[in-house]
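Shown next, in structure tokens, is the structure this report addresses.
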Amino acid sequence: MTEPTSTLARPQNTSYIVNKNGADQLVNILQRRPDGQVYVHYDGFDKRLDEWIPGASLKPTTESSRKRRRDTPSPTPTEPETQSDPLMTEEEFDIKHHKQITAQRNFDKVNFGQWRIKTWYFSPYPLTDSELEDSTGLPGGSASTSKIPGVNRTTVRSHGRTSDLLAGGLTRSHLSGEKSILWVCDRCFKYMAEGAAWEMHIKQCDRRHPPGRKVYQRGAHIIWEVDGAKDKLYCQNLSLFGKLFIDVKTLFFDCDNFLFYILTDADSQRDHVLGFFSKEKISYDDYNLACIIVLPPYQRKGYGMLMIEFSYEVSRRAGKIGTPERPLSDLGLRSYLTYWVATLIRFFRRLLSVLPPDRLTVTSSGRLPDLTGVLPPTLEDANSRKKRAKGWDGETPDSNSTFTSPNGLDDTVAAMRTVLTISNPDGSATSHVVVRSTLAEIASATNLRIEDAAFALNECGLLGSTLDGVMGITREMVEAVAKERNVKRMCLDPAHVMLT
């Protein structure tokens, strides 16, 4: 039996220099094409930046450039196994070759509704019938080239096995031009390899919104809860599409134990998907999020933060303190750090304020002002509230839901506060808030894990000021971090959550 051949030979020297954006970057070659194009990974950067470039733009590395190489490991160049390898189970194969298989994107772009989006990562879309036929006509290729040696499996189109799908995706590494584009319906996420089939499908697809039930609605923004066991095909296609932009995601077809929360924006015709996150139905580690993605055209608009805040609201209503699954991607860690810091800063602002939120003055007649309860809004306050800017999604903030206890704190946290009032020489008085609490109490009050709260406090510099093991935080320090981190108001309004 002859050993299967590969149309893409592994280069002898894989490290070169490329000038990108006016600076020399060290790259590693992962694949070569017969037309001279090379697929490169930029050393020290995430592999979503990997791309095909002309081979003529490569420059040999020098001794000094080798010394400047970063310690970040580069993806292993794709190289077929030989028949001499011992027979292994599919699970062992998936673990051993996961990095090899996913090192290179199998589609360059995806056509999604009105958008043509550059993909970031590999996604194991199954081979279509036409691709199976095309693979037999490749130079040096045959129908057996899509089979990876050392793995017992039935057919490349066997949807029940993840390894079959991964194996099938390897054959696409040679595709270029129109064949490197995936066509996906932005209503039902059905995928097609050809634009003609996609155009015919979108004319007939009548889905106006995701399946499942509404769990949050504020203006045109809606979050839908979809059960992976009830709407299996929709969730499978959604997971495959999400994998194009998520590196650490491994959920493809086993969706029964997951819930999907899909964020949409409605127009007069239908709801458009902006992003989604998934979570396990039963998590013994109380994970409240498995993976999250905001589609590239809608990023940097607050939608990711809205979904993160919603995931924590789901945990809070379930009486649990949640946290996302690990490991976190670089973008995921950045987003969660932003959420954790913002949550703590907003909490400290309320905790270290003498007066309730949105109140600059308190007026009383005949006696000292009572700061222990919520004071009713005055007519002046009501008029000024009407002049405020509208909320995150166009609604005017509800004056009755601004806060329900002193400074927006529950009784347990409010009991930690001591208001110290000092007389001034001119007869006036100055009030200060003194709080004594543990890190565990702060984490519990903000519904964060202790380790997440400690990490966020350390990253923003509030954990470093300690004296005899006691951490001191002032309102001035809080405001400095808020300015440095550009802390904003919450995107989520709990009053619009529709969970029961």
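Going by the structure tokens order, chains are called A, B, ..., each with residues numbered from 1, while ligands are numbered from 1 in the order shown.
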
Report as a ChimeraX atom specification all protein, DNA and RNA residues lying within 9 Å of region 254-271 of chain A, evaluated on only C-alpha atoms, omitting residues in the same chain fewer than 2 positions from it. /A:160,187,207-210,215,219-232,235-236,239,251-252,273-282,290,294,303,307,311

Rounded to one decimal place, report the CA of Ala456 (chain A)-CA of Leu337 (chain A) distance in Å.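 Pair CA of Ala456 (chain A) / CA of Leu337 (chain A) returns 6.1 Å.
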
For region 444-455 of chain A, find every residue with an atom within 9 Å (counting only C-alpha atoms), except residues of its own chain fewer than 6 positions away, and show them as a compact mmCIF listing (two decimals) with N, CA, C and O atoms, in the first residue's frame.
# COMPACT_ATOMS: atom_id res chain seq x y z
N TYR A 312 -23.81 37.01 34.01
CA TYR A 312 -23.70 37.15 35.46
C TYR A 312 -25.06 37.37 36.10
O TYR A 312 -25.29 36.96 37.24
N SER A 315 -26.58 33.99 36.57
CA SER A 315 -26.01 33.34 37.75
C SER A 315 -26.57 33.93 39.04
O SER A 315 -26.89 33.20 39.98
N ARG A 316 -26.69 35.25 39.07
CA ARG A 316 -27.18 35.90 40.29
C ARG A 316 -28.60 35.47 40.60
O ARG A 316 -28.93 35.18 41.76
N LYS A 320 -26.12 31.78 42.37
CA LYS A 320 -24.76 31.27 42.24
C LYS A 320 -23.81 32.41 41.89
O LYS A 320 -24.23 33.45 41.38
N ILE A 321 -22.54 32.19 42.18
CA ILE A 321 -21.50 33.14 41.80
C ILE A 321 -20.74 32.50 40.64
O ILE A 321 -20.00 31.54 40.84
N GLY A 322 -20.95 33.00 39.45
CA GLY A 322 -20.41 32.37 38.25
C GLY A 322 -19.07 32.94 37.83
O GLY A 322 -18.59 33.95 38.35
N THR A 323 -18.50 32.27 36.85
CA THR A 323 -17.25 32.70 36.23
C THR A 323 -17.17 32.02 34.88
O THR A 323 -17.79 30.96 34.67
N LEU A 337 -11.71 41.28 32.12
CA LEU A 337 -11.03 42.19 33.02
C LEU A 337 -11.73 43.54 33.04
O LEU A 337 -11.90 44.16 34.11
N TRP A 340 -14.89 42.99 35.19
CA TRP A 340 -14.59 42.85 36.62
C TRP A 340 -14.19 44.19 37.24
O TRP A 340 -14.66 44.54 38.33
N VAL A 341 -13.31 44.93 36.55
CA VAL A 341 -12.87 46.22 37.07
C VAL A 341 -14.05 47.19 37.15
O VAL A 341 -14.24 47.88 38.16
N THR A 343 -17.25 46.53 37.39
CA THR A 343 -18.17 46.12 38.45
C THR A 343 -17.67 46.55 39.82
O THR A 343 -18.43 47.07 40.66
N LEU A 344 -16.38 46.37 40.08
CA LEU A 344 -15.81 46.77 41.37
C LEU A 344 -15.80 48.28 41.54
O LEU A 344 -16.11 48.79 42.63
N PHE A 347 -19.20 49.52 42.32
CA PHE A 347 -19.54 49.15 43.70
C PHE A 347 -18.85 50.08 44.70
O PHE A 347 -19.47 50.57 45.65
N LEU A 409 -27.21 49.93 47.83
CA LEU A 409 -26.58 48.79 48.49
C LEU A 409 -27.62 48.02 49.29
O LEU A 409 -28.55 48.60 49.86
N ASP A 410 -27.46 46.70 49.36
CA ASP A 410 -28.37 45.92 50.19
C ASP A 410 -28.02 46.12 51.66
O ASP A 410 -26.99 46.69 52.02
N THR A 412 -27.03 44.13 53.99
CA THR A 412 -25.82 43.50 54.49
C THR A 412 -24.59 44.34 54.22
O THR A 412 -23.73 44.54 55.10
N VAL A 413 -24.48 44.86 53.00
CA VAL A 413 -23.34 45.69 52.65
C VAL A 413 -23.42 47.05 53.32
O VAL A 413 -22.41 47.60 53.78
N LEU A 463 -4.85 46.70 44.69
CA LEU A 463 -4.51 45.65 45.64
C LEU A 463 -3.11 45.84 46.22
O LEU A 463 -2.73 45.16 47.17

Test item: residues at most 9 Å from Ile308 (chain A), only C-alpha atoms, excluding those fewer than 6 positions along its chain, as a list in words: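 Near Ile308 (chain A), the qualifying residues are Phe277, Leu289, Ile292, Ser335, Tyr336 and Tyr339 of chain A.
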
Export, as a PDB file, in the first residue's frame, the selected residues with N, CA, C and O atoms.
ATOM      1  N   PHE A 277     -23.499  33.731  23.104  1.00  0.00           N
ATOM      2  CA  PHE A 277     -22.649  32.983  24.024  1.00  0.00           C
ATOM      3  C   PHE A 277     -23.378  31.711  24.425  1.00  0.00           C
ATOM      4  O   PHE A 277     -24.605  31.611  24.305  1.00  0.00           O
ATOM      5  N   LEU A 289     -20.500  30.757  31.472  1.00  0.00           N
ATOM      6  CA  LEU A 289     -20.275  31.023  30.054  1.00  0.00           C
ATOM      7  C   LEU A 289     -19.199  30.068  29.530  1.00  0.00           C
ATOM      8  O   LEU A 289     -18.144  29.915  30.161  1.00  0.00           O
ATOM      9  N   ILE A 292     -18.002  32.930  23.893  1.00  0.00           N
ATOM     10  CA  ILE A 292     -18.722  34.145  23.526  1.00  0.00           C
ATOM     11  C   ILE A 292     -18.089  34.721  22.282  1.00  0.00           C
ATOM     12  O   ILE A 292     -16.866  34.680  22.112  1.00  0.00           O
ATOM     13  N   SER A 335     -11.835  41.429  27.801  1.00  0.00           N
ATOM     14  CA  SER A 335     -13.228  41.805  28.023  1.00  0.00           C
ATOM     15  C   SER A 335     -13.657  41.532  29.451  1.00  0.00           C
ATOM     16  O   SER A 335     -14.333  42.363  30.084  1.00  0.00           O
ATOM     17  N   TYR A 336     -13.261  40.382  29.984  1.00  0.00           N
ATOM     18  CA  TYR A 336     -13.662  40.056  31.354  1.00  0.00           C
ATOM     19  C   TYR A 336     -12.954  40.931  32.373  1.00  0.00           C
ATOM     20  O   TYR A 336     -13.536  41.292  33.402  1.00  0.00           O
ATOM     21  N   TYR A 339     -14.911  44.001  32.535  1.00  0.00           N
ATOM     22  CA  TYR A 339     -16.153  43.822  33.298  1.00  0.00           C
ATOM     23  C   TYR A 339     -15.884  43.772  34.790  1.00  0.00           C
ATOM     24  O   TYR A 339     -16.571  44.432  35.583  1.00  0.00           O
TER      25      TYR A 339
END

Where in region 409-491 of chain A does DSSP assign strand (DSSP E or B), given as JSON, numbers by chain? {"A": [417, 418, 419, 420, 421, 422, 423, 429, 430, 431, 432, 433, 434, 435, 466, 467, 470, 471]}

Ranking A:Cys205, A:Met200, A:Cys491, A:Leu331 by minimum distance to Met305 (chain A) and counting only C-alpha atoms, which one comes first?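 Looking at the shortest contact to Met305 (chain A), the residue is A:Cys491.
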
Neighbours of Ala196 (chain A) within 12 Å (only C-alpha atoms; same-chain residues fewer than 5 positions away dropped), as a PDB file with C-alpha atoms, in the first residue's frame?
ATOM      1  CA  GLU A 178     -13.889  31.817  -4.816  1.00  0.00           C
ATOM      2  CA  LEU A 182     -17.821  30.020   2.732  1.00  0.00           C
ATOM      3  CA  TRP A 183     -21.441  31.066   2.213  1.00  0.00           C
ATOM      4  CA  VAL A 184     -23.631  31.143   5.345  1.00  0.00           C
ATOM      5  CA  HIS A 201     -31.471  29.583  -0.291  1.00  0.00           C
ATOM      6  CA  ILE A 202     -31.816  33.146   1.051  1.00  0.00           C
ATOM      7  CA  LYS A 203     -34.740  33.743  -1.292  1.00  0.00           C
TER       8      LYS A 203
END

For the atom pair CA of Ser283 (chain A) and CA of Glu441 (chain A), what is the interatomic distance in Å to one decimal place?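 Value for the CA of Ser283 (chain A)-CA of Glu441 (chain A) distance: 23.9 Å.
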